[in-house]
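Structure first, commentary second.
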There are 2 protein chains.
Amino acid sequence: MRILLPILATAIFISFISPVLAQDQDSLAIRQIYSEALTSAVAWRNLDYLCNKIGGRLCGSAQAEKAVNWTKGVLDKMDLDTVYLQPVMVTHWERGTKETGKVISRKAGNHTLNVCAIGGSVATPGNGITANIIEVKNFDQLAVLGKEKIEGKIVFFNRAADPKPIYTFDAYGGAVDQRARGAMQAARFGAVAVLVRSSTLAHDDHPHTGIQHYADSVKSIPAMSVSTNDADSLAYWLKSDPNLKFSMQMSCKLLPEVQSYNVIAEISGGEKPNEIIAFGGHIDSWDVGQGAHDDGAGVVQTIEVLRIFKALNIKPRHTLRVVVFMDEEYDQRGAKVYAAEAIRKSNLGTEKHLAAIEADRGGFTPQGFSIDASDEQVKKISNWKTLLKPYGLWSIEKGGSGVDIRDLKPLGIPLIALVPDSQRYFDYQHAASDTFDKVNARELALGAAAIAGLVWKIDRDW
Amino acid sequence: MRILLPILATAIFISFISPVLAQDQDSLAIRQIYSEALTSAVAWRNLDYLCNKIGGRLCGSAQAEKAVNWTKGVLDKMDLDTVYLQPVMVTHWERGTKETGKVISRKAGNHTLNVCAIGGSVATPGNGITANIIEVKNFDQLAVLGKEKIEGKIVFFNRAADPKPIYTFDAYGGAVDQRARGAMQAARFGAVAVLVRSSTLAHDDHPHTGIQHYADSVKSIPAMSVSTNDADSLAYWLKSDPNLKFSMQMSCKLLPEVQSYNVIAEISGGEKPNEIIAFGGHIDSWDVGQGAHDDGAGVVQTIEVLRIFKALNIKPRHTLRVVVFMDEEYDQRGAKVYAAEAIRKSNLGTEKHLAAIEADRGGFTPQGFSIDASDEQVKKISNWKTLLKPYGLWSIEKGGSGVDIRDLKPLGIPLIALVPDSQRYFDYQHAASDTFDKVNARELALGAAAIAGLVWKIDRDW
């Protein structure tokens with residue numbers, strides 16, 4: 001591949017003369033980027049280390065600190081122009097050691113369920129909570145049942161994610177309110193705790209965690225997640241014994257905030273060093289798995305973009321910046337700090353972002369990009385479809401981007417999400433099953449190449 | 001979903017009036033097909049049974065017979081118009097119980113490698129073969145080395161599949177000649193056996209089998225496959241000790257031919273029952289795994305097409321026929337028998353095929369169809385892109401179809417292959433790792449829906 005570089009250099013030169021040759025140059029560059037990604041194991045080995053040597057890394061935890069240091073170490077060795085830490089204060093919530101949920105029933109039998117605390121939950125009292133269960137499918141049903149039927153009970157939110165949408169994020173979006181706001185809503189009617197069906201389309205034994213929020217106006221009650229299989233079983237047992245008891249115990253706690261960091265690294269632009277193309281994923285993850293797809297993949301892929309540019313000796317016109325965000329899962333504090341600084345510098349006129357790209361939808365075969373931008377900007381990027389389609393990037397459409405870059409919206413730049421195949425993502429997201437072995441080396445590499453190709457094109461044409 | 005049926009029936013009626021409404025009707029039908037596929041577990045449970053209760057099913061084996069009977073039983077229970085067996089005589093090759101490969105070297109150490117017999121190989125003599133190894137990358141190299149260097153040795157074909165093509169079948173196609181014709185080529189120069197690097201892009205410990213062919217003009221020598229990891233190790237050991245010995249033993253044998261069957265089932269066409277839309281996969285598989293992706297997936301997906309039409313109460317205009325082919329892996333005898341009969345009936349004017357669709361590239365997220373047909377036919381089908389793209393079917397292009405339907409070429413009909421995401425296929429194909437747990441329920445269902453949608457459209461518009 002390296003022998004092609006003189007051809008590429010020549011093509012770059014010629015491109016100022018002929019638009020046809022510019023097209024050839026683009027094709028050649030994209031092909032070289034993909035070849036470099038597909039023949040290198042660096043991103044794959046990085047993910048292996050992050051998952052198997054560091055593991056789950058919830059913001060505020062010792063593992064998150066380890067992950068930040070490791071990330072900086074990886075970037076320091078890449079001969080980049082800039083590597084630095086951007087300070088971010090983060091919440092420090094801990095799951096604790098107790099986490100049990102049991103069905104107690106003479107008719108239906110006693111059963112231990114696969115459960116886990118939902119992120120940010122308060123603990124149960126020391127001896128746990130034992131109460132009757134009331135099953136509901138949505139918040140409207142809570143209001144219909146009212147305080148009379150709910151008070152003193154554990155509300156069991158059991159609306160399954162809808163399997164019919166093709167893009168699974170739509171299914172997730174239609175179910176996750178139960179996890180995110182279930183406790184807050186149930187507390188309004190006097191519930192003592194909530195048990196929530198995992199927001200996944202898989203039928204298995206993994207409880208899925210994730211963030212949930214309390215409201216100041218109501219009591220904070222414990223929130224627990226249960227696997228889809230066990231949610232189905234519980235619904236079945238409730239039919240034979242509506243008065244069964246559920247006994248749950250959790251020892252989660254909120255500790256003082258912790259100093260943490262975004263990790264940022266750059267290749268400086270040769271022509272316009274103050275103009276930035278930013279791309280990144282988030283280094284924090286939930287604690288129950290290894291954070292392989294969510295979002296170790298996005299971290300190693302966006303670091304890989306810089307490695308590819310270095311390996312191919314491509315000198316960018318603008319500065320290429322990887323932003324490894326801290327705390328996507330809990331409060332998006334890293335995103336807020338990064339955006340505030342970017343907007344401040346933009347106002348000062350000392351730095352200008354051209355685009356921001358987020359990789360946080362899993363390390364699966366990429367299918368394209370979702371672009372939050374003006375129609376004109378979207379059109380410009382979707383004109384690159386012909387170039388990118390041979391690589392399976394067929395879907396380049398207006399749409400949402402991602403929570404780590406959305407705060408850059410005031411900059412008026414395209415905010416772009418890498419869109420991989422979504423079918424398996426929610427099988428693993430926020431569960432113990434989100435481990436390195438679920439990631440395919442080629443699919444991971446293709447995602448890195450897709451971002452690098454887009455970055456190349458933005459750098460050339462924006 | 002069932003409550004939508006009256007709407008669909010109305011839409012079908014209205015479609016004879018307005019092309020715009022016909023589009024709406026198409027959209028509605030495709031949406032219903034996908035919803036039915038994504039909310040049913042039937043195909044998934046069928047694959048579970050086929051893989052976990054029957055397992056690997058090489059043509060001629062008792063398991064293959066069991067699989068034929070099971071398939072017929074499944075179809076018999078589906079309230080179809082026709083279910084029958086089409087007789088096919090098949091080869092019966094057995095792997096036998098001995099299958100070992102060992103490196104013997106003072107310098108490099110003694111090592112047992114992960115190996116398996118390549119399909120159709122002759123056995124080694126009873127005590128095995130022990131000989132020096134000579135590593136080559138391609139057939140040209142054999143000719144350069146010549147009889148002098150090769151005679152009496154085991155030829156080690158160690159050309160890795162090229163990771164750079166995006167579509168992995170291209171990588172496979174560029175490497176598989178070593179397996180398919182390595183023994184025949186090496187025997188010309190006096191080799192005593194061949195050891196072949198597995199044709200996969202994965203770096204792991206699974207040897208991959210598959211068919212290989214001998215030539216009448218040269219001696220049939222034993223052919224063995226070695227995992228990619230062990231191929232790399234062997235190449236490394238050969239550097240430190242070019243004179244190391246390799247000792248291999250295999251007890252494969254060729255038994256008398258066996259009576260077997262294609263399994264065929266139909267929903268009769270309401271308007272033109274003698275006009276056939278055929279679709280299928282192959283029920284035989286290699287013996288080393290469970291034949292989950294290759295090709296249990298294709299079998300249960302194409303059976304699922306009929307189930308979807310029944311469930312939605314869609315009465316096709318033409319006859320919909322599933323063909324569950326026997327013996328794709330060894331000799332394609334089922335394909336030959338089916339094609340001969342189809343061509344005979346076509347010549348008699350008693351039966352006319354409209355199209356044939358093959359599902360044999362794994363049960364992964366479908367990306368589109370590859371069509372072996374005239375430009376005009378391809379154009380007609382690719383006009384359906386707008387309809388199918390919301391389901392991720394973005395690639396509808398002229399190309400190859402599949403070995404079970406290619407013999408229908410004289411009929412002049414479109415021969416169509418379902419094209420799923422290819423990244424993981426060769427990780428599992430022909431290896432012990434091709435098991436049920438490698439198939440995702442939604443990806444499998446999407447493939448069935450994709451075929452059903454295409455069949456719907458052909459039935460309406462061809």
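Chain labels run A, B, ... following the order of the structure tokens; each chain numbers its residues from 1, and ligands are numbered from 1 in the order shown.
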
From a backbone DSSP assignment, name each residue in range 329-402 of chain B labelled strand (DSSP E), as a PyMOL selection string.
chain B and resi 352-358+366-372+395-398

Hey, which bits of chain B sit within 10 Å of chain A, and for each residue what's the closest pair of atoms and how far apart in Å (one decimal), counting only C-alpha atoms, rows by chain and increasing number, as a tab-separated table?
```
residue	atom	partner	partner_atom	distance
B:Arg31	CA	A:Lys164	CA	9.0
B:Gln32	CA	A:Lys164	CA	9.5
B:Tyr34	CA	A:Lys164	CA	7.3
B:Ser35	CA	A:Lys164	CA	5.2
B:Glu36	CA	A:Lys164	CA	8.4
B:Ala37	CA	A:Lys164	CA	8.7
B:Leu38	CA	A:Lys164	CA	5.8
B:Thr39	CA	A:Pro163	CA	6.3
B:Ser40	CA	A:Pro163	CA	9.7
B:Asp162	CA	A:Thr39	CA	8.8
B:Pro163	CA	A:Leu38	CA	6.0
B:Lys164	CA	A:Ser35	CA	5.2
B:Pro165	CA	A:Ser35	CA	8.2
B:Ile166	CA	A:Tyr391	CA	6.4
B:Tyr167	CA	A:Tyr391	CA	8.7
B:Thr168	CA	A:Arg442	CA	9.9
B:Leu201	CA	A:Arg442	CA	8.7
B:Ala202	CA	A:Ala441	CA	8.4
B:His203	CA	A:Ala441	CA	9.6
B:Phe364	CA	A:Gln423	CA	9.6
B:Thr365	CA	A:Gln423	CA	7.6
B:Gln367	CA	A:Gly392	CA	8.9
B:Lys389	CA	A:Ser395	CA	9.3
B:Pro390	CA	A:Ile166	CA	8.2
B:Tyr391	CA	A:Ile166	CA	6.4
B:Gly392	CA	A:Ile166	CA	8.2
B:Leu393	CA	A:Trp394	CA	9.7
B:Trp394	CA	A:Trp394	CA	6.8
B:Ser395	CA	A:Trp394	CA	8.5
B:Asp421	CA	A:Thr365	CA	7.9
B:Ser422	CA	A:Thr365	CA	9.4
B:Gln423	CA	A:Arg442	CA	6.6
B:Arg424	CA	A:Asn440	CA	7.3
B:Asp427	CA	A:Asn440	CA	9.6
B:Asn440	CA	A:Arg424	CA	7.3
B:Ala441	CA	A:Ala202	CA	8.4
B:Arg442	CA	A:Gln423	CA	6.5
B:Glu443	CA	A:Gln423	CA	6.6
B:Leu446	CA	A:Ile166	CA	8.4
```

Selection near range 99-111 of chain A, 7 Å with only C-alpha atoms, sequence-local residues under 5 positions removed, as a PyMOL selection string
chain A and resi 116-117+237+240-241+244-251

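Between Gln259 in chain B and the candidates B:Met89, B:Val378, B:Ile133, B:Ala450, the tightest atom-to-atom separation, counting only C-alpha atoms, involves B:Met89.
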
Backbone-only DSSP, alpha helix (DSSP H) members of range 86-329 of chain A, as number ranges by chain
A: 139-150, 168-173, 177-187, 228-240, 297-311
